[in-house]
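Source file target02.csv; content: CSV, C-alpha atoms.
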```csv
chain,number,residue,atom,x,y,z
A,260,MET,CA,-0.4,17.3,-25.7
A,261,ASP,CA,-3.1,15.4,-23.9
A,262,LYS,CA,-5.6,17.9,-22.4
A,263,ARG,CA,-7.3,15.6,-19.9
A,264,GLY,CA,-5.8,17.7,-17.1
A,265,ALA,CA,-4.0,17.2,-13.8
A,266,VAL,CA,-4.9,17.3,-10.1
A,267,VAL,CA,-2.3,18.8,-7.7
A,268,LEU,CA,-2.8,17.6,-4.1
A,269,GLY,CA,-1.9,19.8,-1.1
A,270,GLY,CA,1.4,21.5,-0.7
A,271,ALA,CA,2.4,25.1,-0.8
A,272,HIS,CA,5.5,26.3,-2.7
A,273,GLY,CA,6.2,22.9,-4.4
A,274,ALA,CA,2.5,22.6,-5.5
A,275,LEU,CA,2.5,26.2,-6.6
A,276,ALA,CA,5.5,25.6,-8.9
A,277,LEU,CA,4.0,22.3,-10.3
A,278,ALA,CA,0.7,23.9,-11.0
A,279,ARG,CA,2.4,26.9,-12.6
A,280,SER,CA,4.5,24.6,-14.8
A,281,LEU,CA,1.6,22.5,-15.9
A,282,GLY,CA,-0.6,25.5,-16.5
A,283,ALA,CA,2.0,27.2,-18.6
A,284,SER,CA,2.1,24.1,-20.8
A,285,GLY,CA,-1.6,24.3,-21.4
A,286,VAL,CA,-2.6,21.5,-19.0
A,287,PRO,CA,-5.9,22.2,-17.1
A,288,VAL,CA,-5.1,22.1,-13.4
A,289,SER,CA,-7.3,21.4,-10.4
A,290,HIS,CA,-5.9,21.9,-6.8
A,291,ILE,CA,-7.0,20.0,-3.7
A,292,SER,CA,-5.9,21.3,-0.3
A,293,ASN,CA,-7.1,21.5,3.3
A,294,ASP,CA,-4.8,24.3,4.5
A,295,SER,CA,-3.0,26.2,1.8
A,296,PRO,CA,-4.9,28.4,-0.8
A,297,LEU,CA,-1.6,29.5,-2.4
A,298,PRO,CA,-1.5,27.2,-5.4
A,299,GLY,CA,-5.2,27.7,-6.0
A,300,SER,CA,-4.7,31.4,-6.4
A,301,LEU,CA,-2.8,30.8,-9.7
A,302,ARG,CA,-4.5,31.9,-12.9
A,303,HIS,CA,-3.8,28.5,-14.3
A,304,VAL,CA,-5.8,26.6,-11.7
A,305,LYS,CA,-9.3,26.0,-13.0
A,306,HIS,CA,-10.8,24.4,-9.9
A,307,GLN,CA,-9.9,24.8,-6.2
A,308,ILE,CA,-11.3,22.0,-4.1
A,309,GLY,CA,-11.3,22.0,-0.4
A,310,TRP,CA,-11.4,19.0,2.0
A,311,PRO,CA,-11.8,18.9,5.8
A,312,GLY,CA,-8.3,17.7,6.5
A,313,PRO,CA,-6.8,15.2,9.0
A,314,LEU,CA,-8.2,17.1,12.0
A,315,ASP,CA,-11.8,16.8,10.8
A,316,GLU,CA,-14.1,14.8,13.1
A,317,GLY,CA,-14.2,11.3,11.7
A,318,ALA,CA,-11.1,11.5,9.5
A,319,ILE,CA,-8.6,10.2,12.1
A,320,PRO,CA,-11.1,7.6,13.6
A,321,PHE,CA,-11.6,6.2,10.1
A,322,LEU,CA,-7.9,5.9,9.4
A,323,PHE,CA,-7.3,4.3,12.7
A,324,LYS,CA,-9.8,1.6,12.3
A,325,ALA,CA,-8.7,-2.1,12.2
A,326,ALA,CA,-6.0,-3.1,9.7
A,327,GLU,CA,-8.2,-5.9,8.4
A,328,ASP,CA,-10.3,-3.3,6.7
A,329,GLN,CA,-7.3,-2.4,4.5
A,330,PHE,CA,-7.0,-4.0,1.1
A,331,SER,CA,-4.6,-3.9,-1.9
A,332,TYR,CA,-5.0,-4.5,-5.6
A,333,ALA,CA,-1.7,-5.9,-7.0
A,334,ALA,CA,-1.2,-6.2,-10.8
A,335,LEU,CA,0.8,-5.9,-13.9
A,336,TRP,CA,-0.7,-3.7,-16.6
A,337,ASP,CA,0.1,-3.3,-20.3
A,338,ASN,CA,-0.9,0.0,-21.9
A,339,GLY,CA,-4.1,0.5,-20.0
A,340,LYS,CA,-5.1,-3.1,-19.7
A,341,PRO,CA,-4.5,-5.7,-16.9
A,342,VAL,CA,-2.2,-8.6,-17.6
A,343,ALA,CA,-2.5,-10.3,-14.2
A,344,GLU,CA,-4.1,-9.1,-11.0
A,345,PHE,CA,-5.2,-10.2,-7.5
A,346,THR,CA,-6.3,-8.7,-4.2
A,347,ALA,CA,-4.9,-9.0,-0.7
A,348,ARG,CA,-5.8,-7.9,2.8
A,349,ARG,CA,-3.3,-6.2,5.1
A,350,THR,CA,-4.3,-8.2,8.1
A,351,ARG,CA,-1.6,-6.9,10.5
A,352,GLN,CA,0.7,-3.9,10.3
A,353,TYR,CA,3.2,-2.0,12.4
A,354,PRO,CA,2.4,0.2,14.2
A,355,VAL,CA,-0.9,-1.7,14.6
A,356,ASP,CA,-3.4,1.2,14.4
A,357,PHE,CA,-1.8,3.4,11.7
A,358,GLY,CA,1.0,1.3,10.3
A,359,CYS,CA,3.8,2.3,7.9
A,360,LYS,CA,4.8,-1.4,7.3
A,361,SER,CA,2.7,-4.5,6.5
A,362,THR,CA,3.6,-7.4,8.7
A,363,PHE,CA,1.0,-10.1,7.7
A,364,VAL,CA,-0.7,-10.0,4.3
A,365,GLU,CA,-3.0,-12.6,2.9
A,366,ILE,CA,-4.7,-13.1,-0.5
A,367,VAL,CA,-8.4,-12.6,-0.5
A,368,GLU,CA,-11.1,-12.3,-3.2
A,369,GLU,CA,-12.5,-8.7,-3.2
A,370,PRO,CA,-14.3,-8.0,-6.5
A,371,GLY,CA,-15.1,-4.5,-5.4
A,372,VAL,CA,-11.4,-3.7,-4.9
A,373,VAL,CA,-10.6,-5.0,-8.4
A,374,GLU,CA,-13.4,-2.9,-9.9
A,375,ALA,CA,-12.3,0.3,-8.2
A,376,ALA,CA,-8.6,-0.1,-9.0
A,377,ARG,CA,-9.4,-0.9,-12.7
A,378,THR,CA,-11.4,2.3,-13.0
A,379,ILE,CA,-8.5,4.4,-11.7
A,380,LEU,CA,-5.7,2.6,-13.7
A,381,ALA,CA,-7.7,2.5,-16.9
A,382,SER,CA,-8.4,6.3,-16.7
A,383,ILE,CA,-4.6,7.0,-16.8
A,384,GLY,CA,-3.6,4.2,-19.2
A,385,HIS,CA,-1.3,2.7,-16.6
A,386,HIS,CA,1.6,0.5,-17.8
A,387,GLY,CA,3.7,-1.6,-15.5
A,388,LEU,CA,3.6,-2.9,-11.9
A,389,VAL,CA,1.1,-1.3,-9.5
A,390,GLU,CA,-0.3,-1.7,-6.0
A,391,VAL,CA,-3.5,0.3,-5.2
A,392,GLU,CA,-4.4,0.5,-1.5
A,393,PHE,CA,-7.9,1.0,-0.2
A,394,LYS,CA,-9.5,1.1,3.2
A,395,ARG,CA,-13.1,0.2,3.7
A,396,ASP,CA,-15.0,2.8,5.6
A,397,GLN,CA,-17.2,0.9,8.1
A,398,ARG,CA,-19.5,3.9,8.4
A,399,ASP,CA,-21.0,3.3,4.9
A,400,GLY,CA,-19.0,0.3,3.5
A,401,SER,CA,-17.3,2.4,0.8
A,402,LEU,CA,-13.7,1.9,-0.3
A,403,ARG,CA,-11.4,4.9,0.3
A,404,LEU,CA,-8.3,5.2,-1.9
A,405,LEU,CA,-5.1,5.5,0.2
A,406,ASP,CA,-2.2,5.1,-2.2
A,407,VAL,CA,-1.1,4.1,-5.7
A,408,ILE,CA,2.4,2.5,-5.8
A,409,PRO,CA,3.8,1.9,-9.3
A,410,ARG,CA,6.8,-0.1,-8.1
A,411,PRO,CA,7.6,-3.3,-6.2
A,412,TRP,CA,6.0,-3.0,-2.7
A,413,SER,CA,7.0,-4.5,0.6
A,414,TRP,CA,5.1,-7.8,0.3
A,415,PHE,CA,5.9,-8.3,-3.4
A,416,GLY,CA,7.4,-11.7,-2.5
A,417,LEU,CA,3.8,-13.0,-2.0
A,418,CYS,CA,3.1,-12.8,-5.8
A,419,SER,CA,5.2,-15.7,-7.0
A,420,THR,CA,4.4,-18.1,-4.1
A,421,ALA,CA,0.7,-17.4,-4.6
A,422,GLY,CA,0.8,-18.3,-8.3
A,423,ILE,CA,1.2,-14.9,-10.0
A,424,ASP,CA,4.9,-14.2,-10.6
A,425,LEU,CA,4.6,-10.5,-11.4
A,426,GLY,CA,8.4,-10.0,-11.5
A,427,THR,CA,8.9,-12.6,-14.2
A,428,MET,CA,5.8,-11.4,-16.0
A,429,LEU,CA,7.1,-7.9,-16.0
A,430,TRP,CA,10.4,-9.0,-17.6
A,431,ARG,CA,8.5,-11.0,-20.2
A,432,LEU,CA,6.3,-8.1,-21.0
A,433,ALA,CA,9.3,-5.8,-21.4
A,434,ASN,CA,10.9,-8.2,-23.8
A,435,ASP,CA,7.8,-8.7,-25.9
A,436,GLN,CA,7.3,-12.3,-24.7
A,437,PRO,CA,3.8,-13.6,-24.1
A,438,ASN,CA,2.5,-14.2,-20.5
A,439,ALA,CA,0.2,-17.2,-19.7
A,440,PRO,CA,-2.9,-16.5,-17.7
A,441,ALA,CA,-2.4,-16.8,-14.0
A,442,ALA,CA,-4.5,-16.8,-10.8
A,443,ALA,CA,-3.6,-16.3,-7.2
A,444,THR,CA,-4.4,-18.9,-4.5
A,445,PRO,CA,-6.7,-17.4,-1.8
A,446,GLY,CA,-5.5,-17.7,1.7
A,447,THR,CA,-1.8,-17.7,0.8
A,448,ALA,CA,0.0,-15.3,3.2
A,449,TRP,CA,3.2,-13.3,3.5
A,450,MET,CA,4.8,-12.3,6.8
A,451,TYR,CA,7.5,-10.0,8.1
A,452,LEU,CA,8.4,-12.1,11.0
A,453,ALA,CA,10.5,-9.7,13.1
A,454,ARG,CA,7.9,-6.9,13.1
A,455,ASP,CA,4.8,-9.2,13.0
A,456,ALA,CA,5.9,-10.6,16.4
A,457,VAL,CA,5.7,-7.1,17.8
A,458,ALA,CA,2.4,-6.3,16.1
A,459,ALA,CA,0.8,-9.6,17.2
A,460,THR,CA,1.9,-9.1,20.8
A,461,SER,CA,0.4,-5.7,20.8
A,462,LEU,CA,-2.9,-6.9,19.5
A,463,MET,CA,-3.0,-9.8,22.0
A,464,ALA,CA,-2.3,-7.4,24.8
A,465,ARG,CA,-5.4,-5.5,23.8
A,466,ARG,CA,-7.3,-8.8,23.4
A,467,ASP,CA,-7.9,-8.0,19.7
A,468,ILE,CA,-6.6,-11.4,18.7
A,469,GLY,CA,-5.9,-14.6,20.7
A,470,LEU,CA,-2.7,-16.7,20.8
A,471,GLY,CA,-4.5,-19.4,18.8
A,472,GLY,CA,-5.4,-17.1,16.0
A,473,ASP,CA,-1.8,-15.8,15.8
A,474,LEU,CA,-0.4,-19.3,15.7
A,475,ARG,CA,-2.9,-20.4,13.0
A,476,SER,CA,-1.7,-17.6,10.7
A,477,PHE,CA,1.7,-19.2,10.5
A,478,GLY,CA,0.2,-22.2,8.7
A,479,ARG,CA,-0.8,-19.9,5.8
A,480,VAL,CA,2.6,-18.2,5.3
A,481,ARG,CA,4.3,-19.2,2.1
A,482,ALA,CA,6.6,-16.2,1.8
A,483,CYS,CA,8.6,-14.0,4.2
A,484,ALA,CA,9.9,-10.5,3.9
A,485,THR,CA,13.6,-11.4,3.9
A,486,PHE,CA,14.0,-15.1,4.7
A,487,ALA,CA,13.9,-17.9,2.1
A,488,ARG,CA,15.1,-21.5,2.6
A,489,ASN,CA,17.1,-21.5,-0.6
A,490,ASP,CA,18.6,-18.0,0.2
A,491,PRO,CA,18.7,-17.5,4.0
A,492,ARG,CA,21.4,-14.9,4.2
A,493,PRO,CA,19.2,-11.7,3.9
A,494,GLY,CA,16.9,-13.1,6.6
A,495,LEU,CA,19.7,-13.8,9.0
A,496,ILE,CA,21.2,-10.3,8.4
A,497,ASP,CA,17.8,-8.6,8.9
A,498,LEU,CA,17.2,-9.9,12.4
A,499,PRO,CA,20.2,-8.0,14.0
A,500,LEU,CA,19.5,-5.0,11.8
A,501,THR,CA,15.9,-4.8,13.0
A,502,GLY,CA,17.0,-5.3,16.6
A,503,GLY,CA,19.5,-2.5,16.2
A,504,ARG,CA,16.8,-0.1,14.8
A,505,VAL,CA,14.4,-0.9,17.7
A,506,LEU,CA,17.2,-0.4,20.2
A,507,THR,CA,18.4,3.0,18.8
A,508,ARG,CA,15.1,4.5,17.7
A,509,ARG,CA,12.9,3.4,20.5
A,510,ILE,CA,14.6,2.2,23.6
A,511,LEU,CA,17.6,4.5,23.7
A,512,LYS,CA,15.6,7.5,22.4
A,513,ALA,CA,13.0,6.9,25.1
A,514,GLY,CA,15.8,6.8,27.7
A,515,HIS,CA,17.2,10.1,26.5
A,516,GLN,CA,13.8,11.8,26.7
A,517,THR,CA,13.2,10.8,30.4
```

Take the structure from the file and write it as structure tokens.
Amino acid sequence: MDKRGAVVLGGAHGALALARSLGASGVPVSHISNDSPLPGSLRHVKHQIGWPGPLDEGAIPFLFKAAEDQFSYAALWDNGKPVAEFTARRTRQYPVDFGCKSTFVEIVEEPGVVEAARTILASIGHHGLVEVEFKRDQRDGSLRLLDVIPRPWSWFGLCSTAGIDLGTMLWRLANDQPNAPAAATPGTAWMYLARDAVAATSLMARRDIGLGGDLRSFGRVRACATFARNDPRPGLIDLPLTGGRVLTRRILKAGHQT
């Protein structure tokens, strides 16, 4: 068994069980937590690492900084080596300050993001699709790792329209077929129209962006979350679904609380 070790993040009983299972199999375990020392008390845990946690001064302000400081590395890897890769900026999201969904994503060239992601993925011998999310900390300019997503992500449709069809390349890789070199076109953008309208309106109300800037962003859009001219049905279905979710989860819920 590979003895490079494992890092267990946070948690209590679940993390305890995972650390115990790994330790019993001879895997060196390190535990990181801000609130629960329980897993770190195991005899199998070699290192217990603390961190200030989300209530630490500076933690929340950093996470709530502007969305345009958030970047993604998108790629297909083959046994520890990149087959195709590009970087993108999560320019707008919803909710606008600490979003759970991207609403406007555009391809940008960020060599530092590529370097950081390659270091992480090479260290684990990654294989397959992956999105690695970073946020630039304006206090020192460093990139902070947010997430590693080894599956298709919400703005995956941007890949093919920008020149790197990761879906087809994944299929070719799985079937031992060669992939030609590919490069993404900077400035190409993806939009989730229904939610981006809300995000953009919120930002304009705060005077973070102007109407002209919002309208200019439409000129760069080459892919949408659900709508496609040659396959419009999902996009038409999504509009009433999104409206229904907003009505039930926000408007009606707010009415019941008053």

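If you look at atom CA of A:Phe393 and atom CA of A:Arg348, they are 9.6 Å away from each other.
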
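All residues that come within 12 Å of the coordinates (6.3, -9.8, -22.7), counting only C-alpha atoms, are given as Leu335, Trp336, Asp337, Val342, Gly387, Leu425, Gly426, Thr427, Met428, Leu429, Trp430, Arg431, Leu432, Ala433, Asn434, Asp435, Gln436, Pro437, Asn438 and Ala439 of chain A.
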
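For the residues A:Lys394, A:Ser361, A:Leu277, A:Arg377, ranking by smallest atom-to-atom distance to A:Phe330 using only C-alpha atoms places A:Lys394 first.
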
Taking 6 positions as the minimum chain separation for residues in the same chain, which residues sit within 6 Å of stretch 480-482 of chain A when counting all atoms listed in the file? Answer as JSON, numbers by chain. {"A": [417, 448, 449]}

Taking 2 positions as the minimum chain separation for residues in the same chain, which residues sit within 12 Å of A:Gly371 when counting all atoms listed in the file? Answer as an MDAnalysis selection string. chainID A and resid 330:332 345:346 367:369 373:378 393:395 400:403

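For the pair atom CA of A:Trp412 and atom CA of A:Glu390, the separation is 7.2 Å.
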
Correct to one decimal, the distance atom CA of A:Val389-atom CA of A:Gly264 is 21.6 Å

Name all residues at most 9 Å from A:Ala421 (count only C-alpha atoms; drop same-chain ones fewer than 5 positions away) and give them as an MDAnalysis selection string. chainID A and resid 366 442:448 481:482

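Within a radius of 10 Å around (6.4, -0.3, -5.9), the polymer residues are Ala333, Leu388, Val389, Glu390, Val391, Val407, Ile408, Pro409, Arg410, Pro411, Trp412, Ser413, Trp414 and Phe415 of chain A, counting all atoms listed in the file.
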
Pick from A:Cys483, A:Ala278, A:Ala347, A:Met463 nearest to A:Glu365, counting all atoms listed in the file: A:Ala347

Out of A:Thr350, A:Asn338, A:Ser289, A:Gln329, which residue has the shortest atom-to-atom distance to A:Met450 when counting all atoms listed in the file? A:Thr350

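Here the question is which of A:Leu281, A:Thr507, A:Ile291, A:Gly339 gets nearest to A:Val267 using all atoms listed in the file, and that residue is A:Ile291.
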
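Nearest residue to A:Ile383, choosing from A:Ala265, A:Pro287, A:Pro370, A:Glu344 and counting only C-alpha atoms: A:Ala265.
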